[in-house]
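Pasted below: structure-v3.txt, compact mmCIF, C-alpha atoms.
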# COMPACT_ATOMS: atom_id res chain seq x y z
CA MET U 9 0.00 0.00 0.00
CA ASP U 10 2.77 2.46 0.95
CA THR U 11 4.57 1.85 -2.35
CA LEU U 12 1.45 2.78 -4.29
CA ILE U 13 0.53 5.81 -2.20
CA GLN U 14 4.08 7.14 -2.28
CA SER U 15 4.41 6.77 -6.05
CA PRO U 16 2.82 9.66 -7.96
CA ALA U 17 3.76 8.01 -11.26
CA LEU U 18 1.67 4.92 -10.53
CA LEU U 19 -1.24 7.05 -9.38
CA ILE U 20 -1.01 9.03 -12.61
CA GLY U 21 -1.14 5.76 -14.54
CA LEU U 22 -4.23 4.63 -12.65
CA GLY U 23 -5.86 8.00 -13.19
CA THR U 24 -5.11 7.92 -16.92
CA ILE U 25 -6.68 4.49 -17.29
CA SER U 26 -9.74 5.64 -15.37
CA LEU U 27 -10.05 8.71 -17.61
CA PHE U 28 -9.64 6.57 -20.73
CA ILE U 29 -12.46 4.25 -19.67
CA PHE U 30 -14.68 7.15 -18.54
CA VAL U 31 -14.30 8.93 -21.88
CA GLY U 32 -15.04 5.68 -23.69
CA ILE U 33 -18.25 5.20 -21.73
CA ILE U 34 -19.35 8.79 -22.39
CA ARG U 35 -18.69 8.39 -26.12
CA ASP U 36 -20.66 5.15 -26.15
CA LEU U 37 -23.61 6.79 -24.38
CA MET U 38 -23.53 9.64 -26.89
CA ARG U 39 -23.47 7.16 -29.75
CA ARG U 40 -26.48 5.35 -28.35
CA ALA U 41 -28.31 8.64 -27.83
CA ASN U 42 -27.58 9.68 -31.44
CA PRO U 43 -27.55 6.43 -33.45
CA ASP U 44 -27.94 8.25 -36.78
CA ARG U 45 -24.91 10.49 -36.25
CA ASP U 46 -21.94 9.94 -38.56
CA HIS U 47 -19.10 8.50 -36.45
CA GLY U 48 -16.56 8.50 -39.28
CA SER U 49 -15.33 5.74 -41.53
CA THR U 50 -14.30 2.35 -40.24
CA MET U 51 -10.67 3.08 -41.12
CA ILE U 52 -10.80 6.25 -39.03
CA GLN U 53 -12.22 4.23 -36.14
CA TYR U 54 -9.31 1.79 -36.50
CA ARG U 55 -6.72 4.59 -36.51
CA ASN U 56 -8.28 6.38 -33.55
CA THR U 57 -8.56 3.15 -31.55
CA ALA U 58 -4.97 2.14 -32.31
CA ALA U 59 -3.62 5.59 -31.45
CA SER U 60 -5.54 5.69 -28.17
CA LEU U 61 -4.40 2.21 -27.14
CA TRP U 62 -0.73 2.79 -27.98
CA GLY U 63 -0.80 6.16 -26.23
CA LEU U 64 -2.29 4.70 -23.05
CA CYS U 65 0.07 1.73 -23.21
CA LEU U 66 3.16 3.95 -23.44
CA ILE U 67 1.90 6.13 -20.58
CA CYS U 68 1.40 3.06 -18.37
CA MET U 69 4.86 1.71 -19.15
CA ALA U 70 6.45 5.11 -18.55
CA CYS U 71 4.64 5.47 -15.21
CA TRP U 72 5.81 2.01 -14.16
CA VAL U 73 9.44 2.69 -15.06
CA VAL U 74 9.45 6.16 -13.48
CA SER U 75 8.09 4.63 -10.25
CA GLY U 76 11.26 2.56 -10.07
CA GLN U 77 9.58 -0.78 -10.73
CA PRO U 78 11.35 -3.24 -13.10
CA LEU U 79 9.45 -4.12 -16.27
CA ALA U 80 9.86 -7.81 -15.43
CA GLU U 81 7.57 -7.29 -12.44
CA MET U 82 4.71 -6.28 -14.73
CA GLY U 83 5.09 -9.38 -16.85
CA MET U 84 7.73 -8.34 -19.38
CA ARG U 85 9.57 -11.63 -18.97
CA SER U 86 9.31 -15.23 -20.14
CA PRO U 87 7.48 -17.75 -17.96
CA THR U 88 9.61 -20.46 -16.38
CA GLY U 89 9.21 -23.88 -14.78
CA TRP U 90 6.03 -25.92 -14.91
CA GLN U 91 4.05 -22.70 -15.13
CA ALA U 92 5.60 -22.06 -18.53
CA TRP U 93 4.46 -25.46 -19.80
CA LEU U 94 0.95 -24.83 -18.53
CA VAL U 95 0.43 -21.31 -19.87
CA TRP U 96 1.92 -22.10 -23.28
CA ALA U 97 -0.28 -25.21 -23.44
CA LEU U 98 -3.32 -23.04 -22.70
CA ALA U 99 -2.24 -20.63 -25.44
CA ALA U 100 -1.73 -23.49 -27.89
CA GLY U 101 -5.10 -25.00 -27.00
CA THR U 102 -6.84 -21.67 -27.56
CA ILE U 103 -5.19 -21.23 -30.95
CA ALA U 104 -6.05 -24.80 -31.92
CA TYR U 105 -9.71 -24.16 -31.08
CA LEU U 106 -9.69 -20.96 -33.14
CA ILE U 107 -8.19 -22.81 -36.11
CA TYR U 108 -10.91 -25.43 -35.76
CA SER U 109 -13.56 -22.69 -35.67
CA VAL U 110 -12.19 -21.10 -38.85
CA ILE U 111 -12.12 -24.45 -40.67
CA ALA U 112 -15.61 -25.40 -39.44
CA THR U 113 -17.00 -22.03 -40.52
CA THR U 114 -15.41 -22.37 -43.94
CA LEU U 115 -16.93 -25.82 -44.49
CA ASP U 116 -20.32 -25.52 -42.78
CA ARG U 117 -23.07 -23.29 -44.20
CA LYS U 118 -25.18 -23.62 -41.04
CA THR U 119 -22.38 -22.23 -38.91
CA ARG U 120 -21.88 -19.31 -41.28
CA ILE U 121 -25.59 -18.44 -41.25
CA LYS U 122 -25.67 -18.43 -37.45
CA LEU U 123 -22.47 -16.38 -37.21
CA ARG U 124 -23.74 -13.89 -39.76
CA ALA U 125 -26.78 -13.28 -37.59
CA ASP U 126 -24.61 -13.02 -34.47
CA PHE U 127 -22.35 -10.43 -36.08
CA ALA U 128 -25.33 -8.43 -37.34
CA ASN U 129 -26.94 -8.36 -33.88
CA ALA U 130 -23.75 -7.74 -31.88
CA ASP U 131 -24.12 -4.36 -30.19
CA GLY U 132 -21.27 -2.00 -31.06
CA PHE U 133 -19.52 -4.41 -33.43
CA ASP U 134 -20.74 -2.42 -36.44
CA LEU U 135 -18.29 0.35 -35.48
CA LEU U 136 -15.29 -1.94 -35.94
CA ARG U 137 -16.56 -4.59 -38.35
CA PRO U 138 -14.35 -4.83 -41.46
CA ARG U 139 -16.11 -5.02 -44.84
CA THR U 140 -13.60 -4.17 -47.56
CA ALA U 141 -10.27 -5.87 -48.26
CA ALA U 142 -8.38 -2.85 -46.93
CA GLU U 143 -10.47 -2.85 -43.75
CA HIS U 144 -9.80 -6.56 -43.20
CA VAL U 145 -6.05 -5.96 -43.46
CA SER U 146 -6.28 -3.03 -41.06
CA PHE U 147 -8.45 -5.05 -38.68
CA GLN U 148 -5.71 -7.66 -38.43
CA GLY U 149 -3.26 -4.89 -37.59
CA LEU U 150 -5.68 -3.60 -34.96
CA SER U 151 -5.88 -7.13 -33.54
CA ILE U 152 -2.13 -7.07 -32.94
CA THR U 153 -2.37 -3.60 -31.41
CA ALA U 154 -5.19 -4.62 -29.06
CA GLY U 155 -3.45 -7.85 -28.09
CA VAL U 156 -0.21 -6.12 -27.14
CA THR U 157 -1.47 -2.87 -25.65
CA GLU U 158 -4.53 -4.08 -23.75
CA GLU U 159 -2.55 -6.87 -22.10
CA ILE U 160 0.17 -4.44 -21.03
CA ILE U 161 -2.41 -1.92 -19.78
CA PHE U 162 -4.80 -4.25 -17.97
CA ARG U 163 -3.02 -7.49 -17.12
CA GLY U 164 0.46 -5.97 -16.84
CA PHE U 165 0.26 -2.47 -15.39
CA LEU U 166 -3.15 -2.49 -13.71
CA ILE U 167 -2.91 -5.85 -11.91
CA SER U 168 0.71 -5.25 -10.91
CA THR U 169 -0.05 -1.76 -9.62
CA LEU U 170 -3.17 -2.71 -7.69
CA ALA U 171 -1.32 -5.71 -6.23
CA LEU U 172 0.92 -3.24 -4.40
CA ALA U 173 -2.11 -2.23 -2.32
CA MET U 174 -4.15 -5.46 -2.10
CA PRO U 175 -3.94 -9.23 -2.57
CA VAL U 176 -3.18 -10.16 -6.18
CA TRP U 177 -6.42 -12.14 -6.49
CA ALA U 178 -8.41 -9.04 -5.54
CA ALA U 179 -6.46 -6.97 -8.05
CA ALA U 180 -7.20 -9.59 -10.71
CA LEU U 181 -10.95 -9.52 -9.99
CA ILE U 182 -10.98 -5.73 -10.24
CA VAL U 183 -9.11 -5.85 -13.53
CA VAL U 184 -11.50 -8.44 -15.00
CA GLY U 185 -14.38 -6.12 -14.18
CA THR U 186 -12.51 -3.08 -15.48
CA PHE U 187 -11.67 -4.84 -18.75
CA LEU U 188 -15.33 -5.70 -19.26
CA VAL U 189 -16.40 -2.13 -18.53
CA ALA U 190 -13.84 -0.91 -21.07
CA HIS U 191 -15.70 -3.04 -23.64
CA ALA U 192 -19.14 -1.80 -22.59
CA TYR U 193 -19.72 -0.53 -26.14
CA GLN U 194 -20.42 -4.18 -27.01
CA GLY U 195 -23.44 -4.14 -24.70
CA LEU U 196 -24.23 -6.55 -21.88
CA SER U 197 -24.36 -9.57 -24.21
CA GLY U 198 -20.97 -8.69 -25.63
CA MET U 199 -19.45 -8.23 -22.17
CA LEU U 200 -20.77 -11.63 -21.12
CA ARG U 201 -19.43 -13.15 -24.34
CA ILE U 202 -15.87 -11.98 -23.70
CA LEU U 203 -15.95 -12.84 -19.98
CA PRO U 204 -14.56 -16.40 -20.40
CA ILE U 205 -11.61 -15.31 -22.55
CA THR U 206 -10.98 -12.38 -20.19
CA VAL U 207 -10.80 -14.75 -17.23
CA LEU U 208 -8.52 -17.08 -19.24
CA MET U 209 -6.06 -14.34 -20.15
CA THR U 210 -6.02 -13.12 -16.55
CA ALA U 211 -5.41 -16.63 -15.25
CA VAL U 212 -2.61 -17.19 -17.78
CA PHE U 213 -0.91 -14.00 -16.61
CA LEU U 214 -1.25 -14.87 -12.93
CA ILE U 215 -0.02 -18.43 -13.38
CA GLY U 216 2.94 -17.67 -15.62
CA GLY U 217 3.82 -14.21 -14.36
CA SER U 218 4.34 -13.28 -18.00
CA LEU U 219 2.37 -11.22 -20.49
CA TRP U 220 3.59 -13.05 -23.60
CA PRO U 221 1.20 -16.04 -23.56
CA ALA U 222 -1.76 -13.75 -22.76
CA ILE U 223 -0.74 -11.40 -25.58
CA LEU U 224 -0.58 -14.32 -28.01
CA ILE U 225 -4.05 -15.52 -26.95
CA HIS U 226 -5.49 -12.02 -27.23
CA ILE U 227 -4.09 -11.46 -30.72
CA ALA U 228 -5.27 -14.88 -31.87
CA VAL U 229 -8.82 -14.32 -30.58
CA ASP U 230 -9.18 -10.92 -32.23
CA ALA U 231 -7.52 -11.98 -35.47
CA GLY U 232 -9.65 -15.13 -35.52
CA ALA U 233 -12.80 -13.04 -35.21
CA GLY U 234 -11.67 -10.98 -38.18
CA LEU U 235 -11.10 -14.15 -40.22
CA LEU U 236 -14.56 -15.42 -39.33
CA VAL U 237 -16.11 -12.16 -40.52
CA ALA U 238 -14.18 -12.45 -43.79
CA ILE U 239 -15.32 -16.04 -44.30
CA VAL U 240 -18.95 -15.26 -43.49
CA ASP U 241 -18.99 -12.27 -45.86
CA ALA U 242 -17.25 -14.16 -48.66
CA HIS U 243 -19.94 -16.87 -48.61
CA ARG U 244 -22.92 -14.50 -48.25
CA ASP U 245 -24.32 -14.97 -51.77
CA ALA U 246 -23.97 -18.75 -51.68
CA ASP U 247 -25.53 -19.00 -48.23
CA ASP U 248 -28.43 -16.71 -49.13
CA ALA U 249 -29.21 -19.00 -52.04
CA HIS U 250 -29.99 -21.78 -49.55
CA PRO U 251 -32.13 -20.21 -46.77
CA GLU U 252 -33.56 -23.60 -45.89
CA GLU U 253 -30.19 -24.50 -44.37
CA GLU U 254 -30.63 -21.89 -41.61
CA THR U 255 -30.35 -23.47 -38.16
CA GLU U 256 -28.80 -23.01 -34.75
CA SER U 257 -25.08 -23.40 -34.21
CA GLY U 258 -22.92 -22.98 -31.15
CA THR U 259 -20.00 -21.22 -32.84
CA THR U 260 -19.55 -17.60 -31.79
CA ALA U 261 -16.55 -15.32 -31.85
CA LEU U 262 -16.19 -11.59 -31.34
CA PRO U 263 -13.10 -9.53 -30.56
CA ALA U 264 -11.89 -9.30 -27.00

Any chance you could give the structure as structure tokens?
Amino acid sequence: MDTLIQSPALLIGLGTISLFIFVGIIRDLMRRANPDRDHGSTMIQYRNTAASLWGLCLICMACWVVSGQPLAEMGMRSPTGWQAWLVWALAAGTIAYLIYSVIATTLDRKTRIKLRADFANADGFDLLRPRTAAEHVSFQGLSITAGVTEEIIFRGFLISTLALAMPVWAAALIVVGTFLVAHAYQGLSGMLRILPITVLMTAVFLIGGSLWPAILIHIAVDAGAGLLVAIVDAHRDADDAHPEEETESGTTALPA
């Protein structure tokens, strides 16, 4: 507790994150209050999101270093021991599942029809959904940005900083909730949808003490969602020609 209270740099970092989330919530409320307002092109949304995330990430890292804390203590190190085997196995399992989802979506019309409806009904996803080839390429770049920066901000800086003032498990619970609130633009259903992967990435960080496996999982999840959108859109005409194939499917994927 004393380390946190006596470190203005860490407090500035916490305040900046709080301001970032608060502004995001206000912008989302304004968007909901004015749904017909032009919010700019998708590419502009990508650039603004990437710039905001990198800016906040660099501020958090600078605050951590200025406070005298080593970067290794916020997860900028490789996992070791049996924990390394476990967290990398969890990362590999997640990626394997995503590859399976992409293959299944490519081969199964029913899955594509269900996913197309899920994407269309996902609150807030229309702001970031790629549609053109250029947007799909940029979305993959944004996936890398989100994977790196959000893990450093939330799992790295925020958990490590809060853990100076409370048990690490309590800090982790707060960060899970904070991460969900930061994605409130996806609506309640979207927040619930990303809850499992949020818990997984938090657990991976706590077990391994390293951000790298969590970053890999985060990038893979977001990039996989972009691939699913591309597959669903590419098969739209063929799927629409067979409406009788419409049915329920359990495959869902949206960015974390």

Within 7 Å of Leu150 in chain U using all atoms listed in the file, minus same-chain residues under 3 positions, as a list in words: Tyr54, Ala58, Ser146, Phe147, Thr153 and Ala154 of chain U

Atomic distance CA of Thr206 in chain U - CA of Ile225 in chain U, expressed in Å with one decimal: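 So the answer is 10.2 Å.
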
Spatial neighbours of range 242-245 of chain U, 10 Å, all atoms listed in the file, chain gap at least 2 places, as a list in words: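 Selected residues are Thr114, Arg117, Arg120, Ile121, Arg124, Arg139, Leu236, Val237, Ala238, Ile239, Val240, Asp247, Asp248, Ala249 and His250 of chain U.
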
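Comparing the minimum interatomic distances between Leu37 in chain U and each of U:Ala192, U:Leu64, U:Ala173, U:Val183, counting all atoms listed in the file, we find that U:Ala192 sits nearest.
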
Counting all atoms listed in the file, the residue of U:Gln148, U:Asn129, U:Thr140, U:Thr157 that sits nearest Gln194 in chain U: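 Comparing U:Gln148, U:Asn129, U:Thr140, U:Thr157 against Gln194 in chain U, the winner is U:Asn129.
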
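Residues with any atom within 10 Å of Phe213 in chain U, counting all atoms listed in the file and excluding same-chain neighbours fewer than 3 positions away, are Met82, Gly83, Pro87, Val95, Glu159, Arg163, Gly164, Ile167, Ala180, Val207, Leu208, Met209, Thr210, Gly216, Gly217, Ser218, Leu219, Trp220, Pro221, Ala222 and Ile223 of chain U.
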
Distance in Å - CA of Asn56 in chain U versus CA of Asp36 in chain U: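 Taking CA of Asn56 in chain U and CA of Asp36 in chain U, their separation equals 14.5 Å.
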
CA of Leu224 in chain U to CA of Ala142 in chain U, distance in Å rounded to a single decimal: 23.5 Å
